[in-house]
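S.K.: Below you will find the structure I want to go over with you.
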Amino acid sequence: MTAIVQFENVGLRYGLDSETLSDVSFTLHGGGFYFLTGASGAGKTSLLKLLYLAQRPNRGVIRLFGEDVVTLPRKRLPGFRRRIGVVFQDFRLVPHLSAYDNIALPLRVAGMEESEVDAPVSEMLNWVGLGDRGQARPATLSGGEQQRVAIARAVIARPEILVADEPTGNVDSDMASRLLTLFEALNRLGTTIVVATHDLPLMGQVTGAQMMRLDKGRLADPTGALRYPPRPAGGGG
Amino acid sequence: MSGRTDRRAAAAARHRLLPEGRVAGPMPWIIAIMMFLTVLAAAAGLGLGAAVRSMSADLAGRATVQIVEADAEARERLGARAVQALRGAAGVASVKAVDPAALSDQLRPWLGEDATSGDLPIPALIDVTLTAGEADAKVRHLRRLLSGLSPKIRVEPHAAFLLPLAGLLSALGWLAVGIVLLMALATGAVVVLAARGAHDSHRGTIEVLHLMGATDVQIARLFQRRIALDAMLGSLLGFVVAACVILLLGARLIATGSELLGAVHLPWSGWVVLVVLPVGGALLAMLAARWTVLRSLGRLL
Ligand SMILES: Nc1ncnc2c1ncn2[C@@H]1O[C@H](COP(=O)(O)OP(=O)(O)OP(=O)(O)O)[C@@H](O)[C@H]1O
Ligand SMILES: [Mg+2]
């Protein structure tokens with residue numbers, strides 16, 4: 001397994017406050033399934049922001065796909081971002097675009113021919129159970145439906161890493177299970193999955209997933225990702 | 001990533017990524033007003049410039065020789081000799097004695113029938129066109145030459161009494177050029193403000209696109225195209241109204257029948273320059289929008 005994400009002694013500080021993240025070191029392997037957990041305010045979203053290149057750390061090294069992205073020239077970052085799909089904690093759907101066009105965004109950003117956009121977007125809409133809501137604006141969708149649009153948008157361009165921040169926060173446990181099944185299916189296709197969640201039972205559903213726990217900005221196991229649930233020997237961080 | 005991919009992406013997404021309709025609020029109207037004033041100022045500058053040029057060409061290069069001799073016969077003789085001398089003189093392009101009958105005709109409304117009776121001494125006039133170049137020295141030369149013939153011969157360069165007027169028109173022309181430049185500056189500033197406003201009100205969308213891996217140029221293109229279109233509409237409106245005003249004013253100028261005011265006209269080349277203004281305005285708007293959005297995006301990681 002190749003290391004796809006490496007954090008080394010990463011520290012993040014917003015403004016003049018004390019560090020939100022301190023001495024965070026871990027390695028994620030390509031094709032792995034990782035949960036990130038921790039109390040509210042522990043720094044889960046902050047860590048994911050560093051991962052999906054929305055934020056620079058104040059110290060430490062972050063390597064994505066083997067390259068140090070902290071010192072990378074700014075104009076090379078879009079190429080890295082296109083390899084990462086993100087489900088934001090607050091969805092961040094574009095309000096004036098339909099569910100369909102929101103999901104199509106990553107394909108259009110990547111420059112896909114308009115004629116090639118329709119098939120994958122329609123398929124994705126069906127996959128998240130919104131086949132008949134494609135033309136609806138986000139404001140007219142329920143919280144759970146918006147979340148599914150956000151997930152569909154994150155995975156449509158077949159990213160190598162999928163980062164999801166509380167992706168099941170707004171859906172019932174049934175839908176949560178279905179979404180998790182969807183993530184597992186993607187994981188089997190080779191996508192590395194990183195999910196931040198409070199939902200312990202949910203984590204139990206994915207066999208072979210690993211868990212990282214943040215406690216006040218520090219990883220509970222500073223040597224690397226913890227196992228959850230424990231898995232037989234071999235592999236892992 | 002290739003520029004082609006980039007352009008294709010922008011083309012596919014341009015109608016979808018930003019909300020339909022105006023992005024820039026009152027900007028098109030402000031630009032219309034500014035373009036209206038710019039075109040008027042430019043037209044004034046061009047018209048005055050053309051007037052100054054034609055005046056200089058017409059007047060600086062011409063002089064009238066007057067022969068102030070009461071005796072008609074002597075006047076005629078002196079006139080003939082003056083014409084002779086002028087024909088051979090350096091710096092003279094052409095010489096034409098004004099027909100005394102024509103002169104009398106012109107004077108009749110002022111002097112009555114006396115003008116033709118021959119009782120009233122009317123000076124003989126000779127129109128002299130000078131060769132191109134510095135007129136003052138040539139006029140001095142002609143004065144020396146003709147004063148040798150008779151002290152009754154006077155040389156009046158045309159530019160002399162029109163020079164202050166030409167200077168005034170020229171100054172007004174430059175003022176107009178200055179106004180055009182200031183207007184361009186103000187247009188740029190308005191567009192920067194509009195682009196900043198548009199950028200701010202779509203900050204969420206922009207951030208999402210940015211995090212999906214859209215390049216700065218891709219995002220800027222969305223705005224610059226929209227703002228250029230808005231600016232184009234505004235410019236066109238301002239231009240059309242200004243053109244109507246110019247045509248009406250031109251008609252009024254000609255209606256005055258004044259040769260002086262009539263010289264202030266807009267040549268065809270001037271219209272070409274005026275048409276370039278709205279196009280240039282839209283282009284300026286596009287560049288200002290692009291620059292503004294790229295600068296704001298540069299603040300994101
Ligand atoms: N942009 C910001 N500016 C300043 N402080 C911030 C910013 N974002 C987060 N913080 C602070 O950093 C800390 C960690 O926040 P973060 O959002 O990473 O927590 P979290 O683990 O995702 O919490 P939750 O489970 O509630 O989503 C919090 O104390 C928060 O107030
Ligand atoms: Mg969070």
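Ligands are numbered from 1 in the order shown, residues from 1 within each chain, and chains are lettered A, B, ... in the order they appear in the structure tokens.
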Name the residues in contact with segment 285-288 of chain B at a cut-off of 7 Å, using only C-alpha atoms, excluding same-chain residues fewer than 6 positions from it; report them as a VMD selection string.

M.R.: chain B and resid 188 191 to 192 224 to 225 227 to 228 231

S.K.: Take the residues just selected and output them with C-alpha atoms as a PDB file, in the first residue's frame.

M.R.:
```pdb
ATOM      1  CA  GLY B 188     -11.939  51.467 -14.808  1.00  0.00           C
ATOM      2  CA  VAL B 191     -15.721  48.391 -13.047  1.00  0.00           C
ATOM      3  CA  VAL B 192     -13.266  47.487 -10.293  1.00  0.00           C
ATOM      4  CA  GLN B 224     -15.017  39.203 -16.963  1.00  0.00           C
ATOM      5  CA  ARG B 225     -17.355  37.948 -19.673  1.00  0.00           C
ATOM      6  CA  ILE B 227     -19.105  42.350 -16.809  1.00  0.00           C
ATOM      7  CA  ALA B 228     -17.808  42.992 -20.317  1.00  0.00           C
ATOM      8  CA  ALA B 231     -20.252  47.303 -19.936  1.00  0.00           C
TER       9      ALA B 231
END
```

S.K.: Set the cut-off to 12 Å, count only C-alpha atoms and all ligand atoms, and list whatever residues fall near ligand 1 as a compact mmCIF listing (two decimals) with N, CA and C atoms, in the first residue's frame.

M.R.:
```
# COMPACT_ATOMS: atom_id res chain seq x y z
N LEU A 12 -1.67 24.02 13.40
CA LEU A 12 -2.52 25.03 12.77
C LEU A 12 -3.04 25.96 13.84
N ARG A 13 -2.97 27.24 13.52
CA ARG A 13 -3.39 28.26 14.48
C ARG A 13 -4.23 29.28 13.71
N TYR A 14 -5.43 29.58 14.21
CA TYR A 14 -6.23 30.63 13.58
C TYR A 14 -5.89 31.94 14.28
N GLY A 15 -5.40 32.89 13.55
CA GLY A 15 -5.09 34.20 14.14
C GLY A 15 -4.09 34.08 15.27
N LEU A 16 -4.41 34.73 16.39
CA LEU A 16 -3.47 34.75 17.51
C LEU A 16 -3.87 33.77 18.61
N ASP A 17 -4.93 32.98 18.35
CA ASP A 17 -5.35 32.00 19.36
C ASP A 17 -4.27 30.94 19.55
N SER A 18 -4.48 30.10 20.57
CA SER A 18 -3.56 28.97 20.73
C SER A 18 -3.82 27.98 19.59
N GLU A 19 -2.91 27.04 19.43
CA GLU A 19 -3.01 26.16 18.27
C GLU A 19 -4.29 25.31 18.30
N THR A 20 -5.00 25.30 17.16
CA THR A 20 -6.18 24.46 17.03
C THR A 20 -5.77 23.01 16.79
N LEU A 21 -4.70 22.83 16.03
CA LEU A 21 -4.12 21.49 15.82
C LEU A 21 -2.65 21.55 16.22
N SER A 22 -2.21 20.53 16.97
CA SER A 22 -0.81 20.52 17.41
C SER A 22 -0.18 19.16 17.15
N LEU A 36 -12.52 9.85 11.18
CA LEU A 36 -11.89 10.85 12.04
C LEU A 36 -12.96 11.25 13.05
N THR A 37 -12.64 11.07 14.33
CA THR A 37 -13.66 11.37 15.32
C THR A 37 -13.09 12.27 16.41
N GLY A 38 -13.93 12.68 17.31
CA GLY A 38 -13.49 13.61 18.35
C GLY A 38 -14.64 14.51 18.74
N ALA A 39 -14.54 15.11 19.92
CA ALA A 39 -15.61 15.96 20.41
C ALA A 39 -15.79 17.17 19.50
N SER A 40 -16.93 17.80 19.60
CA SER A 40 -17.16 19.03 18.85
C SER A 40 -16.11 20.06 19.23
N GLY A 41 -15.51 20.67 18.22
CA GLY A 41 -14.47 21.66 18.49
C GLY A 41 -13.09 21.07 18.65
N ALA A 42 -12.97 19.75 18.48
CA ALA A 42 -11.67 19.10 18.65
C ALA A 42 -10.73 19.43 17.50
N GLY A 43 -11.29 19.81 16.38
CA GLY A 43 -10.45 20.19 15.24
C GLY A 43 -10.59 19.29 14.03
N LYS A 44 -11.69 18.54 13.95
CA LYS A 44 -11.87 17.62 12.83
C LYS A 44 -11.95 18.37 11.50
N THR A 45 -12.85 19.36 11.47
CA THR A 45 -12.99 20.13 10.23
C THR A 45 -11.68 20.82 9.87
N SER A 46 -10.98 21.32 10.88
CA SER A 46 -9.71 22.00 10.61
C SER A 46 -8.72 21.05 9.97
N LEU A 47 -8.66 19.84 10.47
CA LEU A 47 -7.72 18.86 9.91
C LEU A 47 -8.10 18.53 8.46
N LEU A 48 -9.39 18.35 8.23
CA LEU A 48 -9.83 18.04 6.87
C LEU A 48 -9.54 19.20 5.91
N LYS A 49 -9.68 20.43 6.41
CA LYS A 49 -9.39 21.60 5.56
C LYS A 49 -7.94 21.58 5.09
N LEU A 50 -7.05 21.18 5.99
CA LEU A 50 -5.65 21.07 5.58
C LEU A 50 -5.51 20.01 4.51
N ALA A 54 -7.70 23.72 1.70
CA ALA A 54 -8.41 24.98 1.88
C ALA A 54 -7.63 25.87 2.83
N GLN A 55 -6.61 25.33 3.44
CA GLN A 55 -5.89 26.01 4.50
C GLN A 55 -4.45 25.54 4.49
N ARG A 56 -3.54 26.48 4.81
CA ARG A 56 -2.14 26.08 4.96
C ARG A 56 -1.83 25.89 6.44
N PHE A 88 -18.70 18.93 2.25
CA PHE A 88 -18.51 19.91 3.32
C PHE A 88 -19.53 19.70 4.42
N GLN A 89 -19.12 20.05 5.64
CA GLN A 89 -20.03 19.89 6.78
C GLN A 89 -21.31 20.70 6.53
N ASP A 90 -21.17 21.89 5.91
CA ASP A 90 -22.34 22.72 5.61
C ASP A 90 -22.73 22.62 4.13
N ALA A 164 -15.13 13.50 3.67
CA ALA A 164 -16.52 13.81 4.02
C ALA A 164 -16.58 14.26 5.48
N ASP A 165 -17.10 15.48 5.67
CA ASP A 165 -17.17 16.06 7.01
C ASP A 165 -18.59 15.89 7.54
N GLU A 166 -18.79 14.98 8.47
CA GLU A 166 -20.12 14.68 9.04
C GLU A 166 -21.14 14.41 7.93
N PRO A 167 -20.90 13.48 7.06
CA PRO A 167 -21.80 13.30 5.90
C PRO A 167 -23.13 12.70 6.28
N GLY A 169 -24.79 13.58 9.17
CA GLY A 169 -25.34 14.38 10.27
C GLY A 169 -26.80 14.71 10.12
N VAL A 195 -13.68 10.03 6.57
CA VAL A 195 -14.98 10.51 7.03
C VAL A 195 -14.85 11.01 8.47
N ALA A 196 -15.21 12.27 8.68
CA ALA A 196 -15.28 12.78 10.05
C ALA A 196 -16.68 12.55 10.58
N THR A 197 -16.79 11.96 11.74
CA THR A 197 -18.12 11.68 12.28
C THR A 197 -18.11 11.49 13.78
N HIS A 198 -19.27 11.73 14.40
CA HIS A 198 -19.45 11.44 15.82
C HIS A 198 -20.10 10.07 16.00
N ASP A 199 -20.54 9.49 14.89
CA ASP A 199 -21.48 8.38 14.92
C ASP A 199 -20.75 7.05 15.10
N ARG A 213 -8.67 9.60 16.35
CA ARG A 213 -9.46 10.38 17.28
C ARG A 213 -8.69 11.64 17.66
N LEU A 214 -9.37 12.76 17.49
CA LEU A 214 -8.76 14.04 17.86
C LEU A 214 -9.24 14.44 19.24
N ASP A 215 -8.32 14.88 20.05
CA ASP A 215 -8.68 15.36 21.37
C ASP A 215 -8.02 16.71 21.57
N LYS A 216 -8.82 17.75 21.59
CA LYS A 216 -8.31 19.12 21.73
C LYS A 216 -7.15 19.40 20.79
N GLY A 217 -7.33 19.01 19.54
CA GLY A 217 -6.34 19.36 18.54
C GLY A 217 -5.14 18.43 18.45
N ARG A 218 -5.15 17.37 19.25
CA ARG A 218 -4.05 16.40 19.14
C ARG A 218 -4.62 15.03 18.83
N LEU A 219 -3.88 14.27 18.04
CA LEU A 219 -4.32 12.91 17.75
C LEU A 219 -4.13 12.06 19.00
```

S.K.: Counting only C-alpha atoms and all ligand atoms, which residue out of A:Leu53, A:Val24, A:Ala110, A:Val87 sits closest to ligand 2?

M.R.: A:Val87

S.K.: With 7 Å as the limit and counting only C-alpha atoms, what residues in chain A lie close to chain B? Please list them as number ranges by chain.

M.R.: A: 54-55, 74, 78-79, 81-82, 92, 94, 96-97, 106, 108-112, 114

S.K.: Output as number ranges by chain all residues of segment 12-245 of chain B that backbone DSSP marks as helix (DSSP H, G or I).

M.R.: B: 12-17, 27-60, 72-88, 100-111, 114-117, 135-147, 159-201, 203-211, 216-245

S.K.: Using only C-alpha atoms and all ligand atoms, can you tell me which of A:Gly32, A:Leu179, A:Leu162, A:Phe91 comes closest to ligand 2?

M.R.: A:Phe91

S.K.: So how many Å separate atom CA of Val52 of chain B and atom CA of Leu274 of chain B, to one decimal?

M.R.: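 Calculated distance between atom CA of Val52 of chain B and atom CA of Leu274 of chain B is 18.9 Å.
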
S.K.: So how far away is atom CA of Arg83 of chain A from atom CA of Val10 of chain A, in Å?

M.R.: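 If I compute the distance from atom CA of Val10 of chain A to atom CA of Arg83 of chain A, I get 21.7 Å.
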
S.K.: Give me the residues within 12 Å of Met34 of chain B as an NGL selection string, counting only C-alpha atoms and dropping any in the same chain fewer than 4 places off.

M.R.: :B and (27-30 or 38-42 or 179-191 or 231 or 234-239 or 241-242 or 277-278 or 281)

S.K.: If you count only C-alpha atoms, which residues fall within 7 Å of segment 62-68 of chain A, apart from same-chain ones fewer than 6 positions away, as a VMD selection string?

M.R.: chain A and resid 4 to 8

S.K.: Could you give me, as a count of residues only, each residue of segment 30-268 of chain B that DSSP assigns to strand (DSSP E) when run on this structure's backbone?

M.R.: 24

S.K.: Find the residues around Leu189 of chain A up to 12 Å (only C-alpha atoms counted), leave out those fewer than 2 positions away in its own chain, and share them as a compact mmCIF listing (two decimals) with N, CA, C and O atoms, in the first residue's frame.

M.R.:
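Below you can see selection30.txt, which holds the result:
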```txt
# COMPACT_ATOMS: atom_id res chain seq x y z
N GLY A 30 -3.29 4.53 0.35
CA GLY A 30 -4.19 4.50 -0.79
C GLY A 30 -5.14 3.31 -0.69
O GLY A 30 -4.71 2.20 -0.41
N GLY A 31 -6.42 3.55 -0.87
CA GLY A 31 -7.41 2.48 -0.80
C GLY A 31 -7.94 2.22 0.59
O GLY A 31 -8.79 1.36 0.78
N GLY A 32 -7.47 3.00 1.57
CA GLY A 32 -7.93 2.81 2.94
C GLY A 32 -9.26 3.49 3.21
O GLY A 32 -9.74 4.32 2.42
N PHE A 33 -9.88 3.11 4.33
CA PHE A 33 -11.13 3.73 4.76
C PHE A 33 -10.90 4.24 6.18
O PHE A 33 -10.61 3.46 7.08
N VAL A 155 -18.30 12.90 -5.32
CA VAL A 155 -17.73 11.66 -5.87
C VAL A 155 -17.84 11.56 -7.39
O VAL A 155 -17.24 10.68 -7.99
N ARG A 158 -14.87 10.90 -9.72
CA ARG A 158 -14.00 9.78 -9.35
C ARG A 158 -12.71 10.25 -8.71
O ARG A 158 -11.62 9.97 -9.22
N PRO A 159 -12.81 10.97 -7.59
CA PRO A 159 -11.59 11.46 -6.95
C PRO A 159 -10.79 10.31 -6.35
O PRO A 159 -11.35 9.25 -6.06
N GLU A 160 -9.50 10.51 -6.15
CA GLU A 160 -8.68 9.47 -5.54
C GLU A 160 -8.88 9.45 -4.04
O GLU A 160 -8.73 8.42 -3.40
N ILE A 161 -9.19 10.65 -3.48
CA ILE A 161 -9.51 10.71 -2.05
C ILE A 161 -10.88 11.36 -1.91
O ILE A 161 -11.17 12.37 -2.56
N LEU A 182 -22.58 3.30 0.00
CA LEU A 182 -22.09 4.00 -1.19
C LEU A 182 -20.58 4.29 -1.07
O LEU A 182 -19.80 4.04 -2.00
N PHE A 183 -20.18 4.77 0.11
CA PHE A 183 -18.76 5.03 0.34
C PHE A 183 -17.94 3.75 0.23
O PHE A 183 -16.85 3.75 -0.34
N GLU A 184 -18.50 2.67 0.77
CA GLU A 184 -17.76 1.40 0.70
C GLU A 184 -17.60 0.94 -0.74
O GLU A 184 -16.55 0.41 -1.12
N ALA A 185 -18.66 1.15 -1.51
CA ALA A 185 -18.57 0.76 -2.92
C ALA A 185 -17.45 1.55 -3.61
O ALA A 185 -16.65 0.99 -4.36
N LEU A 186 -17.40 2.84 -3.33
CA LEU A 186 -16.33 3.67 -3.91
C LEU A 186 -14.97 3.19 -3.42
O LEU A 186 -14.00 3.12 -4.18
N ASN A 187 -14.91 2.84 -2.13
CA ASN A 187 -13.67 2.38 -1.53
C ASN A 187 -13.19 1.11 -2.22
O ASN A 187 -12.00 0.95 -2.50
N THR A 191 -10.98 4.19 -4.14
CA THR A 191 -10.95 5.53 -3.57
C THR A 191 -10.62 5.47 -2.08
O THR A 191 -11.18 4.65 -1.35
N THR A 192 -9.68 6.32 -1.68
CA THR A 192 -9.38 6.43 -0.26
C THR A 192 -10.44 7.30 0.40
O THR A 192 -10.76 8.38 -0.12
N ILE A 193 -11.04 6.81 1.48
CA ILE A 193 -12.15 7.53 2.09
C ILE A 193 -11.75 8.05 3.47
O ILE A 193 -11.18 7.31 4.27
```

S.K.: Show which residues sit within 8 Å of Ala70 of chain B, as a VMD selection string. Count only C-alpha atoms, and ignore same-chain residues fewer than 4 positions away.

M.R.: chain B and resid 75 121 to 123

S.K.: With distances taken over only C-alpha atoms, which residue among A:Arg178, A:Arg188, A:Arg59, A:Arg153 lies nearest Asp23 of chain A?

M.R.: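 Answer, going by the shortest atom-to-atom distance: A:Arg59.
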
S.K.: Quick one: residues within 8 Å of Gly143 of chain A, only C-alpha atoms, excluding same-chain residues fewer than 3 positions away - as a compact mmCIF listing (two decimals) with C-alpha atoms, in the first residue's frame?

M.R.:
```
# COMPACT_ATOMS: atom_id res chain seq x y z
CA GLN A 146 -29.05 18.43 0.18
CA GLN A 147 -26.53 16.22 1.88
CA ASN A 170 -28.67 15.24 8.68
CA VAL A 171 -30.09 11.86 7.66
```
